[in-house]
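Structure first, commentary second.
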Amino acid sequence: MAALEKNIMLNLAENTVKAALKLGAAEAEAYVYDGQAVNIGVELGQISKTNRIIDRGIGVRVVANKAIGFAYTNIINDQGAIENVVARALGAAKASKPDPDWNGLPQKKPYSGTEGTFDEKIVALSPEDLVKVTSTMLDAAGGVDKRVFPVEGGVGSGCVSAAIANSSDITGYDKGTIVECSLATLAKEGGAVTPICFEFNAARNYRLDPEWVGKEAAKLAVSALKPKPVETKKAKVILTQFALQDLFAYTLMGAVKADSVQRNQSPFKGKIGEQVASENLTIYDDGLYPAGLRTSVFDGEGIPRQKTPVIEKGILRNFLYDSYTAKKESKESTGNASRAGYLSTPGVETTNFHILPSNKTSQQMLSELGDGLLVYYLQGAHSSNPVNGEFSVVATLCWRIKNGETAHPCRGVMLAGNIFDLLKNVTVVGGNERQMGSLIAPWVMVENMRVIGK
């Protein structure tokens with residue numbers, strides 16, 4: 001099925017806003033979404049399924065007497081369905097209590113362009129093309145070592161279009177593509193089995209390397225064989241991007257969101273301009289990062305994306321806002337409203353949370369570590385306390401480093417501490433950056449990490 005055309009989506013959004021105003025809404029917003037994806041699944045080393053997903057719909061947000069109502073529908077080619085969703089949104093608003101903090105929908109601002117977020121080659125990919133990519137990935141993994149067994153994974157491509165309009169003259173349209181492949185493996189030797197090891201490749205343009213993914217996932221599994229215990233102590237640790245994404249997603253990223261600050265759920269409240277991290281750490285939230293996985297022209301309510309300094313050389317510079325949280329403080333939105341397609345109202349989220357890299361290679365990082373741990377994956381980060389930053393996680397894949405060289409894999413290792421202390425203990429930032437979800441980061445070295453061994 002062909003994607004909806006730009007003018008059709010914009011007209012639908014604009015006409016829905018007009019219909020809401022005509023029915024008595026004081027303000028109205030319509031968000032039209034069209035997502036199409038093809039996925040190839042891998043289970044137990046075999047291609048197991050192929051599916052095509054088409055998801056399109058419209059979400060309508062209205063305001064009546066400072067009360068907000070929202071409704072959505074996936075029936076967008078029927079005028080009766082559009083009128084019905086508008087009526088349901090108005091009914092929800094009239095049944096809700098007024099919000100004293102509501103200060104109106106955002107106003108129109110000029111948009112910037114984005115770079116590297118759409119590729120016709122991805123749109124043209126067929127299921128047969130993706131099956132070939134999947135086979136390449138599996139063959140590459142199988143050629144590394146006979147002890148390696150692919151557990152699960154997949155290859156997918158997608159194209160998403162979005163149009164937005166509101167009663168404050170915002171109109172916007174954007175489209176983007178993504179392609180990705182991933183593979184989880186384990187290795188068996190005798191009666192021993194490694195933890196599951198995972199690798200992936202994701203891009204907005206067609207720069208996929210399934211052979212690399214397969215080989216790396218297999219090599220990781222082999223490198224996890226014959227683990228040894230480590231002693232309990234405070235140590236220097238290098239956290240890879242996988243580990244950082246897990247930790248930051250449940251702690252730091254929430255702490256810099258304005259809604260968390262306003263609910264008194266962030267330890268950063270009142271600390272703008274203060275030193276909250278090591279001078280080695282600079283972080284931007286960059287919604288316009290070239291080819292970023294979270295890059296778009298506008299955010300979930302039509303405000304232009306931007307690059308926002310969050311921490312510069314350890315100093316807290318800004319929080320991240322949508323229009324609602326910004327207006328509560330008489331500030332401007334940072335373009336960080338996010339929504340789950342047409343199914344939800346906007347909320348504050350990070351875009352491309354970018355830790356600025358240095359020029360240090362992975363080997364230079366290991367040399368500077370000397371003796372310590374290289375931690376690849378974590379388990380249990382979701383149980384971290386987002387308010388005070390306390391965490392206790394299992395390092396499911398890590399290696400002991402001695403004299404800058406890999407000595408052996410480790411087993412039974414836990415890391416415990418406080419994320420906000422960890423930020424202050426960052427001693428080295430690497431240059432080997434890559435994107436994991438909303439995080440773009442290199443390896444990061446921290447000192448005085450509490451390591452609990454068996």
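Residue numbering restarts at 1 for every chain of the structure tokens, chains are lettered A, B, ... in their displayed order, and ligands are numbered from 1 as they appear.
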Residue list (alpha helix (DSSP H), DSSP) for range 110-144 of chain A, as a VMD selection string: chain A and resid 120 to 123 127 to 142
Residue selection dump (C-alpha atoms) as a PDB file, in the first residue's frame:
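The file below, result.pdb, is the result:
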ATOM      1  CA  GLU A 120      14.097   6.068  -1.221  1.00  0.00           C
ATOM      2  CA  LYS A 121      16.243   2.909  -1.233  1.00  0.00           C
ATOM      3  CA  ILE A 122      14.665   1.903   2.071  1.00  0.00           C
ATOM      4  CA  VAL A 123      11.153   2.598   0.793  1.00  0.00           C
ATOM      5  CA  PRO A 127      10.399  -8.604   1.811  1.00  0.00           C
ATOM      6  CA  GLU A 128      12.638 -10.674  -0.479  1.00  0.00           C
ATOM      7  CA  ASP A 129      15.392  -8.066  -0.163  1.00  0.00           C
ATOM      8  CA  LEU A 130      15.174  -8.220   3.614  1.00  0.00           C
ATOM      9  CA  VAL A 131      15.223 -12.024   3.626  1.00  0.00           C
ATOM     10  CA  LYS A 132      18.534 -11.857   1.734  1.00  0.00           C
ATOM     11  CA  VAL A 133      19.892  -9.406   4.312  1.00  0.00           C
ATOM     12  CA  THR A 134      18.794 -11.753   7.099  1.00  0.00           C
ATOM     13  CA  SER A 135      20.496 -14.726   5.452  1.00  0.00           C
ATOM     14  CA  THR A 136      23.714 -12.742   5.093  1.00  0.00           C
ATOM     15  CA  MET A 137      23.627 -11.918   8.805  1.00  0.00           C
ATOM     16  CA  LEU A 138      22.983 -15.530   9.852  1.00  0.00           C
ATOM     17  CA  ASP A 139      25.662 -16.913   7.520  1.00  0.00           C
ATOM     18  CA  ALA A 140      28.188 -14.437   8.906  1.00  0.00           C
ATOM     19  CA  ALA A 141      27.430 -15.497  12.473  1.00  0.00           C
ATOM     20  CA  GLY A 142      27.630 -19.175  11.611  1.00  0.00           C
TER      21      GLY A 142
END
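Residues lying within 8 Å of range 112-116 of chain A, counting only C-alpha atoms and ignoring same-chain neighbours fewer than 6 positions away, are Arg204, Asn205, Leu288, Tyr289, Pro290, Ala291, Gly292, Thr295, Ser296, Val297, Pro304 and Arg305 of chain A.
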How about saving the chosen residues, N, CA and C atoms kept, as a PDB file, in the first residue's frame?
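New file selection_8.pdb:
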ATOM      1  N   ARG A 204      19.036   5.609   9.308  1.00  0.00           N
ATOM      2  CA  ARG A 204      17.947   6.299   8.622  1.00  0.00           C
ATOM      3  C   ARG A 204      18.103   6.220   7.106  1.00  0.00           C
ATOM      4  N   ASN A 205      19.328   5.984   6.633  1.00  0.00           N
ATOM      5  CA  ASN A 205      19.550   5.756   5.208  1.00  0.00           C
ATOM      6  C   ASN A 205      20.134   4.351   5.036  1.00  0.00           C
ATOM      7  N   LEU A 288      18.079  17.678  15.737  1.00  0.00           N
ATOM      8  CA  LEU A 288      18.420  17.876  14.327  1.00  0.00           C
ATOM      9  C   LEU A 288      19.713  17.162  13.945  1.00  0.00           C
ATOM     10  N   TYR A 289      20.201  16.270  14.808  1.00  0.00           N
ATOM     11  CA  TYR A 289      21.449  15.556  14.547  1.00  0.00           C
ATOM     12  C   TYR A 289      21.368  14.837  13.199  1.00  0.00           C
ATOM     13  N   PRO A 290      22.353  15.034  12.303  1.00  0.00           N
ATOM     14  CA  PRO A 290      22.290  14.425  10.975  1.00  0.00           C
ATOM     15  C   PRO A 290      22.116  12.906  11.036  1.00  0.00           C
ATOM     16  N   ALA A 291      21.058  12.430  10.399  1.00  0.00           N
ATOM     17  CA  ALA A 291      20.754  10.997  10.307  1.00  0.00           C
ATOM     18  C   ALA A 291      20.487  10.358  11.668  1.00  0.00           C
ATOM     19  N   GLY A 292      20.183  11.157  12.686  1.00  0.00           N
ATOM     20  CA  GLY A 292      19.902  10.613  14.008  1.00  0.00           C
ATOM     21  C   GLY A 292      18.626   9.788  14.018  1.00  0.00           C
ATOM     22  N   THR A 295      15.799  12.063  14.979  1.00  0.00           N
ATOM     23  CA  THR A 295      15.800  13.362  14.309  1.00  0.00           C
ATOM     24  C   THR A 295      14.507  13.557  13.521  1.00  0.00           C
ATOM     25  N   SER A 296      13.937  14.761  13.611  1.00  0.00           N
ATOM     26  CA  SER A 296      12.757  15.109  12.818  1.00  0.00           C
ATOM     27  C   SER A 296      12.678  16.620  12.685  1.00  0.00           C
ATOM     28  N   VAL A 297      11.852  17.077  11.766  1.00  0.00           N
ATOM     29  CA  VAL A 297      11.705  18.515  11.530  1.00  0.00           C
ATOM     30  C   VAL A 297      11.038  19.188  12.718  1.00  0.00           C
ATOM     31  N   PRO A 304       9.520  23.369  16.209  1.00  0.00           N
ATOM     32  CA  PRO A 304      10.765  22.959  15.553  1.00  0.00           C
ATOM     33  C   PRO A 304      11.714  22.239  16.507  1.00  0.00           C
ATOM     34  N   ARG A 305      12.313  21.163  16.018  1.00  0.00           N
ATOM     35  CA  ARG A 305      13.380  20.515  16.778  1.00  0.00           C
ATOM     36  C   ARG A 305      14.579  21.455  16.853  1.00  0.00           C
TER      37      ARG A 305
END
Quick one: residues within 7 Å of range 262-274 of chain A, only C-alpha atoms counted, chain neighbours fewer than 4 positions away excluded, as a PyMOL selection string? chain A and resi 255+258+315-318+387-388
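Scanning range 204-317 of chain A with DSSP on the backbone, the strand (DSSP E) assignments fall on Lys233, Lys234, Ala235, Lys236, Val237, Ile238, Leu239, Ile283, Tyr284, Asp285, Asp286, Lys307, Thr308, Pro309, Val310, Ile311, Glu312, Ile315 and Leu316 of chain A.
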Could the residues in this selection be written to a file with C-alpha atoms, as a PDB file, in the first residue's frame?
ATOM      1  CA  LYS A 233      35.996  -3.764  45.461  1.00  0.00           C
ATOM      2  CA  LYS A 234      35.859  -0.260  44.045  1.00  0.00           C
ATOM      3  CA  ALA A 235      37.309  -0.240  40.561  1.00  0.00           C
ATOM      4  CA  LYS A 236      37.727   1.648  37.334  1.00  0.00           C
ATOM      5  CA  VAL A 237      35.127   0.637  34.790  1.00  0.00           C
ATOM      6  CA  ILE A 238      34.510   1.361  31.115  1.00  0.00           C
ATOM      7  CA  LEU A 239      30.820   1.454  30.237  1.00  0.00           C
ATOM      8  CA  ILE A 283      25.823  16.400  26.616  1.00  0.00           C
ATOM      9  CA  TYR A 284      23.472  17.926  24.057  1.00  0.00           C
ATOM     10  CA  ASP A 285      19.947  16.919  23.195  1.00  0.00           C
ATOM     11  CA  ASP A 286      20.019  17.330  19.430  1.00  0.00           C
ATOM     12  CA  LYS A 307      19.991  21.397  19.587  1.00  0.00           C
ATOM     13  CA  THR A 308      19.876  22.069  23.330  1.00  0.00           C
ATOM     14  CA  PRO A 309      22.938  22.099  25.611  1.00  0.00           C
ATOM     15  CA  VAL A 310      22.093  20.001  28.673  1.00  0.00           C
ATOM     16  CA  ILE A 311      25.479  19.628  30.385  1.00  0.00           C
ATOM     17  CA  GLU A 312      28.590  21.505  29.227  1.00  0.00           C
ATOM     18  CA  ILE A 315      27.797  22.296  34.258  1.00  0.00           C
ATOM     19  CA  LEU A 316      24.016  21.868  34.044  1.00  0.00           C
TER      20      LEU A 316
END
What's around range 154-163 of chain A at 8 Å? Count only C-alpha atoms, leave out sequence neighbours fewer than 3 positions away in its own chain, and write the answer as JSON, numbers by chain. {"A": [3, 4, 6, 9, 10, 13, 31, 32, 33, 34, 35, 36, 37, 38, 39, 40, 41, 42, 122, 123, 125, 130, 131, 133, 134, 171, 172, 173, 174, 175, 176, 177, 178, 179, 180, 181, 182, 183]}
Could those selected residues go to a file with C-alpha atoms, as a short mmCIF file (atom, residue, chain, number, x, y, z; two decimals), in the first residue's frame?
data_model
loop_
_atom_site.label_atom_id
_atom_site.label_comp_id
_atom_site.auth_asym_id
_atom_site.auth_seq_id
_atom_site.Cartn_x
_atom_site.Cartn_y
_atom_site.Cartn_z
CA ALA A 3 2.03 5.97 1.69
CA LEU A 4 -0.43 8.83 2.07
CA LYS A 6 1.65 15.06 1.82
CA MET A 9 -2.35 14.36 5.27
CA LEU A 10 -2.12 18.14 5.69
CA ALA A 13 -5.21 17.67 9.76
CA TYR A 31 -1.94 14.80 14.35
CA VAL A 32 -2.04 12.49 11.31
CA TYR A 33 0.29 9.49 11.24
CA ASP A 34 1.13 6.98 8.51
CA GLY A 35 3.60 4.22 9.34
CA GLN A 36 4.55 1.25 7.16
CA ALA A 37 7.07 -1.46 8.03
CA VAL A 38 8.32 -4.83 6.83
CA ASN A 39 9.91 -7.19 9.37
CA ILE A 40 11.74 -10.50 9.05
CA GLY A 41 11.97 -12.54 12.26
CA VAL A 42 14.68 -14.98 13.32
CA ILE A 122 14.66 1.90 2.07
CA VAL A 123 11.15 2.60 0.79
CA LEU A 125 13.04 -2.64 -0.14
CA LEU A 130 15.17 -8.22 3.61
CA VAL A 131 15.22 -12.02 3.63
CA VAL A 133 19.89 -9.41 4.31
CA THR A 134 18.79 -11.75 7.10
CA THR A 171 0.98 23.24 10.01
CA GLY A 172 3.79 20.79 9.41
CA TYR A 173 4.68 17.67 7.48
CA ASP A 174 7.67 15.36 7.79
CA LYS A 175 8.66 11.90 6.66
CA GLY A 176 11.51 9.57 7.50
CA THR A 177 12.87 6.08 6.98
CA ILE A 178 14.74 3.54 9.06
CA VAL A 179 16.33 0.16 8.42
CA GLU A 180 17.80 -2.14 11.04
CA CYS A 181 19.09 -5.61 11.68
CA SER A 182 19.85 -7.35 14.96
CA LEU A 183 21.03 -10.70 16.23
#
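In this structure, CA of Ser344 in chain A sits 28.1 Å away from CA of Phe242 in chain A.
Counting only C-alpha atoms, the residue from A:Ser383, A:Gln245, A:Asp259, A:Trp399 that sits nearest to Asn336 in chain A is A:Asp259.
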Looking at A:Ala203, A:Leu397, A:Leu244, A:Cys410, which one is nearest to Pro442 in chain A, with distances taken over only C-alpha atoms? A:Leu244
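With only C-alpha atoms taken into account, the protein and nucleic acid residues at most 8 Å from Ser167 in chain A (excluding it and anything under 2 positions from it in its own chain) are Val17, Lys18, Glu27, Ala28, Glu29, Leu105, Ala165, Asp169 and Ile170 of chain A.
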From the list A:Asn201, A:Ser384, A:Thr194, A:Asn15, which residue is nearest Pro227 in chain A when using only C-alpha atoms? A:Thr194
Polymer residues at most 8 Å from Asn425 in chain A, only C-alpha atoms, same-chain spacing of 5 or more positions, as a CSV table (one decimal) with C-alpha atoms, in the first residue's frame:
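New file part-v4.csv:
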chain,number,residue,atom,x,y,z
A,277,ALA,CA,29.2,16.2,36.5
A,278,SER,CA,32.8,15.8,35.5
A,446,VAL,CA,34.4,6.0,35.5
A,447,GLU,CA,36.4,5.5,38.7
A,448,ASN,CA,35.4,4.3,42.1
Shortest contact to Lys226 in chain A, candidates A:Ile196, A:Leu374, A:Val63, A:Ala407, atoms counted only C-alpha atoms, goes to A:Ala407
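One distance worth recording is that between CA of Met449 in chain A and CA of Glu405 in chain A, which is 19.5 Å.
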Excluding Asp99 in chain A and any residue of its chain fewer than 2 positions from it, enumerate the residues within 12 Å of it, using only C-alpha atoms, and give them as a PDB file with N, CA and C atoms, in the first residue's frame.
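Written file, around_13.pdb:
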ATOM      1  N   VAL A  63      -9.428  21.715  23.417  1.00  0.00           N
ATOM      2  CA  VAL A  63      -9.489  22.426  24.693  1.00  0.00           C
ATOM      3  C   VAL A  63     -10.836  23.127  24.787  1.00  0.00           C
ATOM      4  N   ALA A  64     -11.500  22.966  25.927  1.00  0.00           N
ATOM      5  CA  ALA A  64     -12.757  23.657  26.204  1.00  0.00           C
ATOM      6  C   ALA A  64     -12.725  24.107  27.654  1.00  0.00           C
ATOM      7  N   ASN A  65     -12.783  25.405  27.866  1.00  0.00           N
ATOM      8  CA  ASN A  65     -12.726  25.966  29.222  1.00  0.00           C
ATOM      9  C   ASN A  65     -11.496  25.485  29.990  1.00  0.00           C
ATOM     10  N   LYS A  66     -10.350  25.468  29.305  1.00  0.00           N
ATOM     11  CA  LYS A  66      -9.064  25.069  29.887  1.00  0.00           C
ATOM     12  C   LYS A  66      -9.012  23.597  30.283  1.00  0.00           C
ATOM     13  N   ALA A  67      -9.971  22.817  29.845  1.00  0.00           N
ATOM     14  CA  ALA A  67      -9.944  21.369  30.050  1.00  0.00           C
ATOM     15  C   ALA A  67      -9.564  20.709  28.731  1.00  0.00           C
ATOM     16  N   ILE A  68      -8.721  19.681  28.811  1.00  0.00           N
ATOM     17  CA  ILE A  68      -8.191  19.045  27.606  1.00  0.00           C
ATOM     18  C   ILE A  68      -8.864  17.702  27.388  1.00  0.00           C
ATOM     19  N   GLY A  69      -9.222  17.452  26.138  1.00  0.00           N
ATOM     20  CA  GLY A  69      -9.769  16.160  25.755  1.00  0.00           C
ATOM     21  C   GLY A  69      -9.003  15.594  24.577  1.00  0.00           C
ATOM     22  N   ALA A  93     -13.129  16.461  26.944  1.00  0.00           N
ATOM     23  CA  ALA A  93     -12.752  17.758  27.517  1.00  0.00           C
ATOM     24  C   ALA A  93     -13.835  18.273  28.457  1.00  0.00           C
ATOM     25  N   LYS A  94     -15.080  18.156  28.039  1.00  0.00           N
ATOM     26  CA  LYS A  94     -16.185  18.665  28.860  1.00  0.00           C
ATOM     27  C   LYS A  94     -16.366  17.850  30.134  1.00  0.00           C
ATOM     28  N   SER A  96     -13.789  16.668  31.791  1.00  0.00           N
ATOM     29  CA  SER A  96     -12.553  16.819  32.566  1.00  0.00           C
ATOM     30  C   SER A  96     -12.548  18.128  33.342  1.00  0.00           C
ATOM     31  N   LYS A  97     -11.717  18.156  34.370  1.00  0.00           N
ATOM     32  CA  LYS A  97     -11.569  19.382  35.150  1.00  0.00           C
ATOM     33  C   LYS A  97     -10.653  20.362  34.417  1.00  0.00           C
ATOM     34  N   ASP A 101      -2.976  25.337  34.799  1.00  0.00           N
ATOM     35  CA  ASP A 101      -1.664  25.605  34.203  1.00  0.00           C
ATOM     36  C   ASP A 101      -1.704  25.641  32.676  1.00  0.00           C
ATOM     37  N   TRP A 102      -2.873  25.411  32.100  1.00  0.00           N
ATOM     38  CA  TRP A 102      -2.949  25.416  30.638  1.00  0.00           C
ATOM     39  C   TRP A 102      -2.846  26.842  30.103  1.00  0.00           C
ATOM     40  N   ASN A 103      -1.913  27.052  29.189  1.00  0.00           N
ATOM     41  CA  ASN A 103      -1.707  28.383  28.624  1.00  0.00           C
ATOM     42  C   ASN A 103      -1.728  28.380  27.103  1.00  0.00           C
ATOM     43  N   GLY A 104      -2.434  27.439  26.534  1.00  0.00           N
ATOM     44  CA  GLY A 104      -2.646  27.463  25.101  1.00  0.00           C
ATOM     45  C   GLY A 104      -1.727  26.553  24.317  1.00  0.00           C
ATOM     46  N   TYR A 324       3.826  22.846  27.142  1.00  0.00           N
ATOM     47  CA  TYR A 324       3.083  22.918  28.402  1.00  0.00           C
ATOM     48  C   TYR A 324       4.011  23.209  29.576  1.00  0.00           C
ATOM     49  N   LYS A 328       4.617  26.931  31.834  1.00  0.00           N
ATOM     50  CA  LYS A 328       4.486  26.984  33.295  1.00  0.00           C
ATOM     51  C   LYS A 328       5.596  27.808  33.919  1.00  0.00           C
TER      52      LYS A 328
END
